[in-house]
Every structure is written in C-alpha cells, then in structure tokens.
Protein chains: 2
Amino acid sequence: MSGRIEVLYHVRGEAKSIEARAKGIAVEQSVEMPLEPIDDPFVLEETVGRVNDIADLGDGTFAVRIGLAAITTGFRPGQLLNMLFGNTSLQDDAVLVDATFPDEFAEAFGGPNHGLDGLRARVGAKGALSCSALKPQGSSPRALADIAARMTQGGIDCIKDDHGIADQSYSPFAERVPVIADAVATEAAKTGVATRYLPSLSGNLDDMRTQIALARECGLDGVLAAPMLMGVEQFCTLKKENPDFAFLGHPTMGGVRMAQSFLLGKFFRLLGADATIFPNYGGRFGNSKELCLSLADGARQSWMGLKACMPVPAGGMTLDRVPEMLEFYGPEVMLLIGGSLLSTKERLPQETARYVNAVRSFGNS
Amino acid sequence: MSGRIEVLYHVRGEAKSIEARAKGIAVEQSVEMPLEPIDDPFVLEETVGRVNDIADLGDGTFAVRIGLAAITTGFRPGQLLNMLFGNTSLQDDAVLVDATFPDEFAEAFGGPNHGLDGLRARVGAKGALSCSALKPQGSSPRALADIAARMTQGGIDCIKDDHGIADQSYSPFAERVPVIADAVATEAAKTGVATRYLPSLSGNLDDMRTQIALARECGLDGVLAAPMLMGVEQFCTLKKENPDFAFLGHPTMGGVRMAQSFLLGKFFRLLGADATIFPNYGGRFGNSKELCLSLADGARQSWMGLKACMPVPAGGMTLDRVPEMLEFYGPEVMLLIGGSLLSTKERLPQETARYVNAVRSFGNS
C-alpha cells in the first residue's frame, strides 16, 4: 500500500455543485472514467483519487484538496506532473496551488544536487548572491564573451546565458561556450572572485548531454535549464547523471495555471533545481509581494529533507532596487539583473562592481 | 536573411498603453532587454521582434501581431516554443492564439509521418474512425488485455492506453504491451478489422526509445505521446527516428494559455502528430463548438504542405452522441470514446460493435 499526495486546487464554482466538481477532479487525475463499472478492489482502494476536503474561500472559489495515490505516479517526474495537473490543466475553472508529498518522493527525486548552500560555497559567499544574463540573442560568441568578461571584472557571482540563447546559427553552443568560459576564467583569475558561467541547455536529451559534457570540459559546473520546456523527465535525468553540476531552473513555459509558488518554488526544487528563477514583484510580470515571498520560502525553507533551493528573483530589475530586494528576501537569495545592467554599455565592469558591492554589503553594514 | 513567424496574441489592455505592451511582447519573445544599448545592426535587423499590427477587438482585448525572426528558433522545436510563448506564458494578460510560419519550418519539422490518410489506410477506412481507451489505471496487464480483446471483437479501429497508464508497478510497460498487443492481434485476426493498439509513452527520451522498440517487436506501429509533458524536442526526435510509427498526440499539460486551436490543432501537427486528441464540446472540458471546429480544421486543412493530422475529439463522450459528432466534424475524424464504453462492462464487445457501426455507417446511409 502506498501513500497519497494531497493536491490543493482552487476551483471557481458554486456551493451546490462543488462537491461533484471536486469528485470530477479526483477522477480526472486518477482513473479518468466513471467509477460504477470498476469492480477491482485494488483500483478502488489504491488508485482512484479521493476528495479530502472542500472549503469555501468566499470569493466564488473553493479550496479543494484531493488525495492522489502515490503509486499512480510510478515515482517518475513526467507521470507525477501528469497526475498532479495533466488533463485538469485544460479546464479553466481550476488552478493547482500546492501539493504535499509522502516522504518516499524525497528519496525518489532527491531534489537539488548542491542547492542554496552549495551555490554560496562555490563563490565563497555567506550572504546574497549576484547574477546577470548574457544578451541580446543574435550576438556573436565573441560579443557575448566580451560582455561576460566585463561582468566578471565587476566581481559578479553568476552569469547565465539568456534563456533565448540556444544553439542558433549565429552563436552555436559548441562555439559560444568555450569562448565565454575562457573569458570568464581569465578575468575571474584577476578578481579573485570565482565567477560562475552557466550556459543554457536546449534540444533533446542527447543534445543536452553533449552540451553538459562540453561545459564540463570547459571547466564549468552549472547550467541554465528550463524544466517545463525540456520536459521534467529530461531535467531530472540530467540532474541525476551530473551530480557535480548545479542546475539553475528557468520558468519559461511555466504559465500553466499552476501557482508559481508551487511550480517554481517547490516542484522545481523536488525535481532538483539548485536555484530557481522567478518573476519578481514590481517588474514586468505582475507578481505580488506575497506570491514572491511564498515562492522563495517554498524554495528555501526546510522541506522533505531536501537541500534548499536558491531563490532567484528576476525580470526587469534595476540596480537601484537591490537594497529593497535584499531587505525583502534577506540574504538567502541570488539576485538576477540582466537588461538594466547591460544598458550601461561601456560602464559595464564598473556598474557590475556597483551591483556586486550592493549585494555583498547587505547585512554587513 | 531569414523569414519571420507572425504570432497572434490576444492581449487584455487599454488603448493608451497597448502599443507599449505590444513592443514589450516583441522584446520579451526575442532579445529580452532594452533596445537602446543594442548597437549590433545584425541584432537590430535580424533578431529583435517587431510589432506588425494591433487591432482593437472591442471587448477590452487587442489582437497583437508580432513578427519573430525565424532564425532565433534555430529551427528546433523546444526553442521554437520558447520563442513563441516562453516568458510571455507567465504574463496573465496575454494568450497565444495563432501563428503563421515561413515555408522553411515545414521542411525543418516535417509534420506527421502518416497523418489522417495514413491512419485511415491502415484500417482500410474511407470515413470516420473509432477509437477507445484502456482504463482504469491500477488494472493488471491481463485485465487491460481483456478489455482490449473485447473492444477488438467489436471491430474498433484504434485502442489507446489511458494517458495515465505509464510504467507503474502494477502494470509496467514491458509486461503490459506484449500481452495487450497479443490479445488485440488474436481477436483482430478473427474480425478482419486491422485494429491498432497504441501504448502510452512515458519517461525520458531513453525510456521512450526502448518503449517504441518493444512496441515494434510486438508488431505495433503507433503510440500515444504527450508533447507538452515529454517536451516537444523528445516528441519530434521520436517522430523522426521512427518513420514507420504513427503518433497520437495527447493534450495533457496543454493548459498554457495558448489557444487549443493552435497548440493542439496546428502546433502538434507541425511537430508531427499523426492524430491529435482534444476536448470535445459538450463534454467535461467546456470547449465551444467554434473552438473545436477551428481546432479540427487547423489539424486537417491544407497547411504548409504537411500531411493532414487526424482530429480526435474526446472527453466524456457517449455512444448516443456519435451521429451528432459525425454530423459536426464530418468523416475526416477519429472519435475517441472511453469511459462510457467501459461502463457497459460485460456488453463491451456488443457495445463496441454498436459504436463501430454507428461510425462506419455515417455517410453511407
């Protein structure tokens, strides 16, 4: 007998029909057929979903808690996502808000290889980390390496490829990554800061394995990876195959009406993201402060014995917001400022240094 | 110089700010940084997204047409999806409605291996096809094979695994598929109908390759595959590696605020789905008739020189709706009726035959 995942959905509806709707979700996310013809007691007891609780939230929505049999997931990430939200993602009245898992999921998935503490240790930091992004796509490997070099001169902790930089003709992975890795290593040797460059993975599982192998040859130990785009199975596979690598999760294609606090904060962590990028409040994505904090807390608070995952707020952030963001998130965070830093052009090393200092000095004043 | 994809988004907003918002999407889905510091003419001319048109739809939304440089996709499916909707999927005001592609995409992706006509030819049909699903998950391979045998006795065209049937302990793929394939082959030899069984793929790319190889050994020539769950890269890779196989696309995790008519009708076809399952009107998914017809038409009408993809309406359908559905969709369709057929229990072969006859007799009366 296996345990149950409890999934919390917020469902728009009316009091008179919510119980039937909740049962509908329990069936949709398990056996997906009428229960009447089922006579196998194993199926009825061990795989059919159950309505655990329904609470009226008073704003036309209901908090519906469904118990899904852990065994139906096969303890694989793709099937887990399929059972958590698969077909219900197509029904407009329901949003997946959260889920709690039996302990066996921590063992099966393992969470981050390195996590929040591992990322800090790599750059010798105890407080918040700084991160920026290489842009714009369309730039040559040399142009991107030049930007990376100047950010490294400023002593930044992490530099990632823009998630739109894949394996295009104007900047193929195999040409781009060695040049950028070399530029970062050269400049980092001068600053004494162990700046990390995380190239962006793309393509199918074979391609991404090749990319990680090349990254390792270039002396790198981390990558940018988008679980919802590559498929969560590929993400977990790569994470497990490369225990020396850190995985920075990117939220692209995350708009699936799953609460970001669950998807980007907890689910990506369970899958094994060492750090997770999410849209910050006050930027161009319209997230609230509450959502951001609950997402960050989901990533870093004690949970299932998994390593903490580094929250990485991003999206239209500016240097003058650094103190405010650090005040808000505290030191267990990596800030990601891309476009506004790149806008400083020839002053990039100096502005990067200003950014890094603002991050480093937080809590030490 | 490369062509441009034109993407149509419906964006909620106000007249005074829509132009700025449209520019924001064009930037988000391309270089994702302020344009001011960009001085590389190649980037400005060849990779930055462009606002092609904005039209007020009069209901608080605007039709925004953005031209995205084809070259930024690297002509790979994952990066294509990333550029079409990646980060914008996280912004609540925008829905992706449609996209038109330069001809080079038809060549790069190839679309269905067999498509609508190939699926019909396999079962010797000229009209609509019938399909059902093996459920409930939790059943043993033997129990599922028994259901499949009885459906085959009824002369059904296609039987697919429920998309929730993966590789769980109670019915592992390697145990389940040979038993079911054998049961279907045995009964099909008696009916003379070349009934197809399509097992459901799950796991990472390696797992799915192994599964297809096993399916082929069992004499099968098609699978059920969920592009949004496995990652579109894996879907395309498997489709290209297995030209003898047909791929039935499943919509699970398709709730990404991309119009179903585009995602399930056209995009899955471009990726190579031979058939595409979608939620029918009047079922449990709340799709309108207009949406269903536009989705089906997107799958089967002449488009980019690609083979037509078989539309497969599904989701809470009942046998008594067969004539209505065939009247609505016409004969270029495969109906998928699962739960209500399974509810007939011991009358499964007879009810399957009734279903098949209703489908076969359409247009021949």
# chains A, B, ... in the order shown; residues from 1 in each chain; ligands from 1
$ residues_around --residues "A:Leu319" --least-positions-apart "5" --cutoff "8 Å" --atoms "only C-alpha atoms" --output "list in words"
Ile337, Ser340, Leu341 and Tyr355 of chain A
$ residues_around --residues "A:Tyr197" --least-positions-apart "2" --cutoff "6 Å" --atoms "only C-alpha atoms" --output "PDB file with N, CA and C atoms, in the first residue's frame"
ATOM      1  N   CYS A 158      27.428  35.019 -10.568  1.00  0.00           N
ATOM      2  CA  CYS A 158      26.980  34.114 -11.632  1.00  0.00           C
ATOM      3  C   CYS A 158      26.592  34.887 -12.882  1.00  0.00           C
ATOM      4  N   ILE A 159      26.916  34.312 -14.029  1.00  0.00           N
ATOM      5  CA  ILE A 159      26.485  34.841 -15.324  1.00  0.00           C
ATOM      6  C   ILE A 159      25.817  33.697 -16.059  1.00  0.00           C
ATOM      7  N   LYS A 160      24.600  33.929 -16.508  1.00  0.00           N
ATOM      8  CA  LYS A 160      23.912  32.885 -17.260  1.00  0.00           C
ATOM      9  C   LYS A 160      23.643  33.356 -18.675  1.00  0.00           C
TER      10      LYS A 160
END
$ residues_around --residues "stretch 111-123 of chain A" --least-positions-apart "2" --cutoff "6 Å" --atoms "only C-alpha atoms" --output "list of chain:residue names"
A:Phe109, A:Ala125, A:Ala194, A:Pro243, A:Arg269, A:Leu270, A:Leu271, A:Gly272, A:Ala273, A:Asp274, A:Leu306, A:Lys307, A:Ala308, A:Cys309, A:Met310
$ write_last_selection --atoms "C-alpha atoms" --output "short mmCIF file (atom, residue, chain, number, x, y, z; two decimals), in the first residue's frame"
data_model
loop_
_atom_site.label_atom_id
_atom_site.label_comp_id
_atom_site.auth_asym_id
_atom_site.auth_seq_id
_atom_site.Cartn_x
_atom_site.Cartn_y
_atom_site.Cartn_z
CA PHE A 109 13.58 12.55 -6.71
CA ALA A 125 29.66 33.83 -0.05
CA ALA A 194 35.11 32.52 -8.51
CA PRO A 243 25.94 15.27 -9.58
CA ARG A 269 13.19 22.01 -6.12
CA LEU A 270 11.82 18.49 -5.81
CA LEU A 271 12.99 17.83 -9.37
CA GLY A 272 16.41 19.07 -8.41
CA ALA A 273 16.84 22.72 -9.32
CA ASP A 274 19.73 24.13 -7.26
CA LEU A 306 15.83 18.20 0.52
CA LYS A 307 18.63 20.71 0.10
CA ALA A 308 17.36 24.27 -0.02
CA CYS A 309 17.00 25.73 -3.50
CA MET A 310 18.32 29.23 -4.17
#
$ residues_around --residues "stretch 28-32 of chain A" --least-positions-apart "5" --cutoff "6 Å" --atoms "only C-alpha atoms" --output "PyMOL selection string"
(chain A and resi 48-49+83) or (chain B and resi 136-137)
$ residues_around --residues "A:Lys190" --least-positions-apart "5" --cutoff "10 Å" --atoms "only C-alpha atoms" --output "VMD selection string"
chain A and resid 152 to 153 155 185
$ write_last_selection --atoms "C-alpha atoms" --output "compact mmCIF listing (two decimals), in the first residue's frame"
# COMPACT_ATOMS: atom_id res chain seq x y z
CA THR A 152 33.42 39.23 -14.35
CA GLN A 153 35.69 42.23 -13.94
CA GLY A 155 33.20 40.57 -9.49
CA ALA A 185 38.01 32.21 -16.22
$ atom_distance --atom1 "atom CA of B:Ala259" --atom2 "atom CA of B:Asp98"
7.2 Å
$ residues_around --residues "A:Ala15" --least-positions-apart "4" --cutoff "12 Å" --atoms "only C-alpha atoms" --output "number ranges by chain"
A: 11, 19-22, 54-63
$ write_last_selection --atoms "C-alpha atoms" --output "CSV table (one decimal), in the first residue's frame"
chain,number,residue,atom,x,y,z
A,11,VAL,CA,-11.7,25.9,-8.2
A,19,GLU,CA,-18.8,18.5,-4.4
A,20,ALA,CA,-19.5,16.9,-7.7
A,21,ARG,CA,-16.8,19.1,-9.3
A,22,ALA,CA,-14.3,18.0,-6.7
A,54,ILE,CA,-13.6,21.3,0.4
A,55,ALA,CA,-13.5,24.8,1.9
A,56,ASP,CA,-15.4,27.8,0.6
A,57,LEU,CA,-13.0,30.7,0.2
A,58,GLY,CA,-15.8,33.2,0.0
A,59,ASP,CA,-14.8,34.8,-3.3
A,60,GLY,CA,-16.5,32.4,-5.6
A,61,THR,CA,-13.7,29.9,-5.3
A,62,PHE,CA,-13.2,26.8,-3.2
A,63,ALA,CA,-10.1,25.2,-1.8
